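Right, one structure below, let's go through it.
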Amino acid sequence: VGQPTLSVTPSLSFSADLNGSAPPPQAIQITGTQGLTFTTSVAPVSSWLTLSSTTGTVPATINASVNPAGLALGTYNATVSVTAPGATARTVAISLLVSDKPVLTVAPNPVSFTYQLAGTNPAPQQVTISSAGVNINYTLASDQPWLTLSSLAGTTNGSTIATVVPGTLPAGTYTAHIIVTAAGVGNSPLQVPVTLTISSPATTLSATPNSLTVAAATGSAAMTKTISVTSTQAGGSALTVTSTGGSWLAVTPATAASPATLTVTLTPGTLTSGTYTGSISVAATGSTPLTIPVTLKLTSDPAINAVTDGAAYDTAGFAPGSIISIWGVNLGPDPFVSFTLNGAGGVDPGLAGVKVTVDGTPAILLMSWTQQLNAILPFSAKTSGNADVVVEYNGKTSVAFPIPMVPAAAKLFAANAQGIGPAAALNQNYSVNDQAHPADKGSVVQLFGTGGGIVAPAVVEGGVASSTLSWVTLGYSATVNGVTSPLFYAGTAPGLVFGVYQFNVKLPDDVATGSANIVVHIGDSQTQPGVTVFVK
């Protein structure tokens, strides 16, 4: 924990004609540790000097005013002390010249500029030189190379434009002076302080994701999520991490260095149904604290957390007839129940008390479980915009979950059901394609996937494909190791439920032995990378 700091305007100078009016007030800028409480005092106690405030919190501006009435000719000096607990005290030298000669007045006085490294140079400021009752010729000068003036001479009431060019100056506070000189003037030469405060670039913190919303069943076990935090500070930032909202929300670690991965634990415990909100705060020196909202929705109703395609677990787009996975809580029975064919040789929309609708149209269910449902989107679903997915289980209904719809969203099934690696494929002789049974070069492999979109002839929802083939209606093609290869067939898969698509791809005659990458294109979509077949 660093020591609190204070910084003040170093000095102020006033000039007044004997028996004349009071000059304008001047500002004392007080900066340092934000929120620090300070007090001011004047020594020696001077009736001619008053402050607009004797206490406050950093940062602050207080005005110093002088009253020359009744003062004899001469220079009067006082010191304003600024103190705060734990911080080094700072002083401001105040001088008042009472003269029977004309005096110069400069506004603003002092002049202050601020600049952040790598930022835009501070805006120039107009500085006015004036006098009362008589016009006076004056000259101007700057005593630092980073301060330039647009004019170096003039007559009251005139002005100049003060410009600062920080150049390669490092972070810190710099002081220069505008020196005003005039003949026959009581306060010539007049030195006007110019302060340039250069700060380091502000550190920006960011989080991925930048918010958390989790739906869970009442009484469910604790859940963990991760959040990645990064900083724009070169070399990283030291982070302090806290959580607010209640005992159901916790985050670890409490301190870390960016980039960092935070583990968020949500514990429903005995909480009843409802929405609980909290937040995670990440702080770093020199940055605005980052707040990450956290929402926990507890319900005894079905709640959808995510919808993905059933092959690659992608969320970018969904096509009519796609096999999808719905993830959440209270979605269905435990243990899971898989579909069976009905008396007509098809699959019913409902399964184990669960129904899924897409924009009000029933979807075909393939598997029901409390945390996951597998279903087939209706072939009549829209091909643009969002469609609302709703789950109903034992008479309770979830909140609608929107998914983006597209004409095609082709994906391939992998043998490991992870969406990548060896494909779920058959060789030309109908043997399973695997390392022990690779495909011949120049032969046709049968790949299986989903997301091919609308087919023709039209199919019956929940039906099983027979020997009558329904082809995809969009254009199709394929590549093997990046080389265009014939795609002989793209459509329904005989013997499998409508929603599973079959793609027959010919391997090039000169394809390399080993694993060959296959990508199928349907319309504007293409299957995920990293799906392969074995070639001998």
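Labels for the structure tokens follow display order: chains A, B, ..., residues from 1 in each chain, ligands from 1.
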With a distance cut-off of 6 Å and only C-alpha atoms, select the neighbouring residues of A:Val92, excluding the residue or stretch itself and same-chain residues fewer than 2 positions from it, and output the selection as a PyMOL selection string. chain A and resi 10-11+79-80
Using only C-alpha atoms, which protein or nucleic acid residues come within 9 Å of stretch 207-213 of chain A? Drop anything in the same chain fewer than 6 positions from it, and give the result as a PDB file with N, CA, C and O atoms, in the first residue's frame.
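Output below, filename selection18.pdb:
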```pdb
ATOM      1  N   LYS A 225     -17.312 -21.415 -13.501  1.00  0.00           N
ATOM      2  CA  LYS A 225     -17.103 -20.799 -14.803  1.00  0.00           C
ATOM      3  C   LYS A 225     -15.757 -20.096 -14.758  1.00  0.00           C
ATOM      4  O   LYS A 225     -15.242 -19.761 -13.687  1.00  0.00           O
ATOM      5  N   THR A 226     -15.164 -19.866 -15.907  1.00  0.00           N
ATOM      6  CA  THR A 226     -13.887 -19.167 -15.965  1.00  0.00           C
ATOM      7  C   THR A 226     -14.027 -17.859 -16.738  1.00  0.00           C
ATOM      8  O   THR A 226     -14.826 -17.756 -17.670  1.00  0.00           O
ATOM      9  N   ILE A 227     -13.249 -16.868 -16.315  1.00  0.00           N
ATOM     10  CA  ILE A 227     -13.201 -15.567 -16.959  1.00  0.00           C
ATOM     11  C   ILE A 227     -11.732 -15.221 -17.196  1.00  0.00           C
ATOM     12  O   ILE A 227     -10.911 -15.335 -16.279  1.00  0.00           O
ATOM     13  N   SER A 228     -11.403 -14.795 -18.407  1.00  0.00           N
ATOM     14  CA  SER A 228     -10.044 -14.373 -18.730  1.00  0.00           C
ATOM     15  C   SER A 228      -9.962 -12.851 -18.634  1.00  0.00           C
ATOM     16  O   SER A 228     -10.806 -12.151 -19.190  1.00  0.00           O
ATOM     17  N   VAL A 229      -8.938 -12.359 -17.929  1.00  0.00           N
ATOM     18  CA  VAL A 229      -8.749 -10.921 -17.749  1.00  0.00           C
ATOM     19  C   VAL A 229      -7.399 -10.526 -18.345  1.00  0.00           C
ATOM     20  O   VAL A 229      -6.380 -11.160 -18.063  1.00  0.00           O
ATOM     21  N   THR A 230      -7.416  -9.494 -19.174  1.00  0.00           N
ATOM     22  CA  THR A 230      -6.189  -8.971 -19.770  1.00  0.00           C
ATOM     23  C   THR A 230      -6.059  -7.489 -19.463  1.00  0.00           C
ATOM     24  O   THR A 230      -7.026  -6.831 -19.070  1.00  0.00           O
ATOM     25  N   SER A 279     -21.615  -9.260  -8.688  1.00  0.00           N
ATOM     26  CA  SER A 279     -20.599  -8.765  -9.614  1.00  0.00           C
ATOM     27  C   SER A 279     -19.223  -9.170  -9.130  1.00  0.00           C
ATOM     28  O   SER A 279     -19.014  -9.470  -7.949  1.00  0.00           O
ATOM     29  N   LEU A 290     -12.654  -2.808 -13.179  1.00  0.00           N
ATOM     30  CA  LEU A 290     -13.492  -3.512 -14.133  1.00  0.00           C
ATOM     31  C   LEU A 290     -14.572  -4.264 -13.362  1.00  0.00           C
ATOM     32  O   LEU A 290     -14.265  -5.030 -12.438  1.00  0.00           O
ATOM     33  N   THR A 291     -15.837  -4.047 -13.733  1.00  0.00           N
ATOM     34  CA  THR A 291     -16.948  -4.732 -13.075  1.00  0.00           C
ATOM     35  C   THR A 291     -17.561  -5.727 -14.046  1.00  0.00           C
ATOM     36  O   THR A 291     -17.923  -5.371 -15.172  1.00  0.00           O
ATOM     37  N   ILE A 292     -17.669  -6.974 -13.606  1.00  0.00           N
ATOM     38  CA  ILE A 292     -18.229  -8.052 -14.425  1.00  0.00           C
ATOM     39  C   ILE A 292     -19.539  -8.493 -13.775  1.00  0.00           C
ATOM     40  O   ILE A 292     -19.533  -9.106 -12.706  1.00  0.00           O
ATOM     41  N   PRO A 293     -20.686  -8.168 -14.390  1.00  0.00           N
ATOM     42  CA  PRO A 293     -21.970  -8.572 -13.789  1.00  0.00           C
ATOM     43  C   PRO A 293     -22.139 -10.095 -13.826  1.00  0.00           C
ATOM     44  O   PRO A 293     -21.763 -10.757 -14.803  1.00  0.00           O
ATOM     45  N   VAL A 294     -22.719 -10.623 -12.755  1.00  0.00           N
ATOM     46  CA  VAL A 294     -23.001 -12.056 -12.665  1.00  0.00           C
ATOM     47  C   VAL A 294     -24.466 -12.234 -12.294  1.00  0.00           C
ATOM     48  O   VAL A 294     -24.945 -11.607 -11.333  1.00  0.00           O
ATOM     49  N   THR A 295     -25.184 -13.048 -13.066  1.00  0.00           N
ATOM     50  CA  THR A 295     -26.597 -13.313 -12.803  1.00  0.00           C
ATOM     51  C   THR A 295     -26.800 -14.810 -12.662  1.00  0.00           C
ATOM     52  O   THR A 295     -26.363 -15.584 -13.515  1.00  0.00           O
ATOM     53  N   LEU A 296     -27.431 -15.213 -11.587  1.00  0.00           N
ATOM     54  CA  LEU A 296     -27.782 -16.613 -11.352  1.00  0.00           C
ATOM     55  C   LEU A 296     -29.295 -16.722 -11.343  1.00  0.00           C
ATOM     56  O   LEU A 296     -29.968 -16.095 -10.524  1.00  0.00           O
ATOM     57  N   LYS A 297     -29.822 -17.504 -12.280  1.00  0.00           N
ATOM     58  CA  LYS A 297     -31.257 -17.709 -12.375  1.00  0.00           C
ATOM     59  C   LYS A 297     -31.588 -19.108 -11.887  1.00  0.00           C
ATOM     60  O   LYS A 297     -31.210 -20.099 -12.516  1.00  0.00           O
ATOM     61  N   ASN A 305     -29.716 -22.901 -21.374  1.00  0.00           N
ATOM     62  CA  ASN A 305     -28.490 -22.115 -21.284  1.00  0.00           C
ATOM     63  C   ASN A 305     -27.822 -21.915 -22.636  1.00  0.00           C
ATOM     64  O   ASN A 305     -27.142 -20.911 -22.854  1.00  0.00           O
TER      65      ASN A 305
END
```
Please provide as a list in words all residues within 9 Å of A:Gln418, with the sequence filter that same-chain residues fewer than 6 positions apart are discarded (counting only C-alpha atoms). Ala311, Ala312 and Tyr313 of chain A
For those residues, write C-alpha atoms to a file as a PDB file, in the first residue's frame.
```pdb
ATOM      1  CA  ALA A 311     -22.217 -32.426 -34.823  1.00  0.00           C
ATOM      2  CA  ALA A 312     -19.656 -29.637 -34.287  1.00  0.00           C
ATOM      3  CA  TYR A 313     -21.356 -27.870 -31.326  1.00  0.00           C
TER       4      TYR A 313
END
```
Please provide the set of residues having any atom within 12 Å of A:Asn342, restricted to only C-alpha atoms, with same-chain residues fewer than 4 positions apart removed, written as a PyMOL selection string. chain A and resi 346-351+462-464
Counting only C-alpha atoms, what is within 12 Å of A:Phe379, bar same-chain residues fewer than 3 positions away, as a PyMOL selection string? chain A and resi 318-323+358+361-364+376+382-383+405+407-408+451-463+472+498-499
Selection export as an mmCIF file, in the first residue's frame, atoms kept: C-alpha atoms:
```cif
data_model
loop_
_atom_site.group_PDB
_atom_site.id
_atom_site.type_symbol
_atom_site.label_atom_id
_atom_site.label_comp_id
_atom_site.auth_asym_id
_atom_site.auth_seq_id
_atom_site.Cartn_x
_atom_site.Cartn_y
_atom_site.Cartn_z
ATOM 1 C CA PHE A 318 -28.967 -23.280 -37.787
ATOM 2 C CA ALA A 319 -30.699 -24.616 -40.875
ATOM 3 C CA PRO A 320 -34.092 -26.313 -41.304
ATOM 4 C CA GLY A 321 -33.741 -30.022 -40.578
ATOM 5 C CA SER A 322 -30.586 -29.597 -38.471
ATOM 6 C CA ILE A 323 -29.906 -31.867 -35.511
ATOM 7 C CA VAL A 358 -39.359 -23.865 -32.788
ATOM 8 C CA THR A 361 -43.736 -25.827 -34.527
ATOM 9 C CA PRO A 362 -42.903 -29.147 -32.809
ATOM 10 C CA ALA A 363 -39.363 -30.470 -33.208
ATOM 11 C CA ILE A 364 -38.506 -34.162 -33.309
ATOM 12 C CA ILE A 376 -34.296 -32.080 -35.125
ATOM 13 C CA LYS A 382 -37.356 -20.142 -41.467
ATOM 14 C CA THR A 383 -34.002 -19.605 -43.171
ATOM 15 C CA MET A 405 -31.430 -19.297 -38.813
ATOM 16 C CA PRO A 407 -30.393 -21.707 -45.371
ATOM 17 C CA ALA A 408 -27.597 -24.212 -44.658
ATOM 18 C CA GLY A 451 -27.340 -28.880 -41.467
ATOM 19 C CA GLY A 452 -27.792 -29.502 -45.197
ATOM 20 C CA GLY A 453 -31.023 -27.493 -45.217
ATOM 21 C CA ILE A 454 -34.205 -28.124 -47.206
ATOM 22 C CA VAL A 455 -34.310 -31.258 -49.394
ATOM 23 C CA ALA A 456 -36.404 -32.321 -52.354
ATOM 24 C CA PRO A 457 -38.614 -34.254 -52.626
ATOM 25 C CA ALA A 458 -39.981 -32.937 -49.324
ATOM 26 C CA VAL A 459 -39.798 -35.264 -46.333
ATOM 27 C CA VAL A 460 -42.119 -36.048 -43.441
ATOM 28 C CA GLU A 461 -41.021 -34.688 -40.045
ATOM 29 C CA GLY A 462 -39.774 -37.559 -37.893
ATOM 30 C CA GLY A 463 -39.690 -39.982 -40.807
ATOM 31 C CA VAL A 472 -30.249 -30.925 -50.876
ATOM 32 C CA PHE A 498 -34.561 -37.275 -41.667
ATOM 33 C CA GLY A 499 -32.102 -34.704 -40.319
#
```
Check the DSSP output for the backbone and give back, as a ChimeraX atom specification, the residues of stretch 149-392 of chain A in strand (DSSP E). /A:149,153-155,158-164,172-181,190-199,205-208,212-217,223-231,238-244,249-252,255-257,260-266,274-283,290-299,303-309,323-329,337-338,354-358,361-362,364-368,372-376,386-392
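Of note, atom CA of A:Gly56 and atom CA of A:Gly286 are spaced 22.7 Å apart.
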If we count only C-alpha atoms, what is near A:Pro110 at a cut-off of 6 Å, once residues fewer than 6 positions away on the same chain are taken out, given as a ChimeraX atom specification? /A:192-194
I'd like the neighbourhood of A:Ser47 as a PyMOL selection string, where a residue qualifies if any of its atoms comes within 10 Å (using only C-alpha atoms), though same-chain residues fewer than 2 positions away should be ignored. chain A and resi 44-45+49-50+66-68
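Note that atom CA of A:Ser325 and atom CA of A:Trp369 are 10.9 Å apart.
Note that the spacing between atom CA of A:Ala512 and atom CA of A:Ser485 amounts to 13.9 Å.
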Across A:Pro24, A:Val82, A:Tyr115, A:Ser13, the smallest distance to A:Ile94, with only C-alpha atoms counted, is shown by A:Ser13
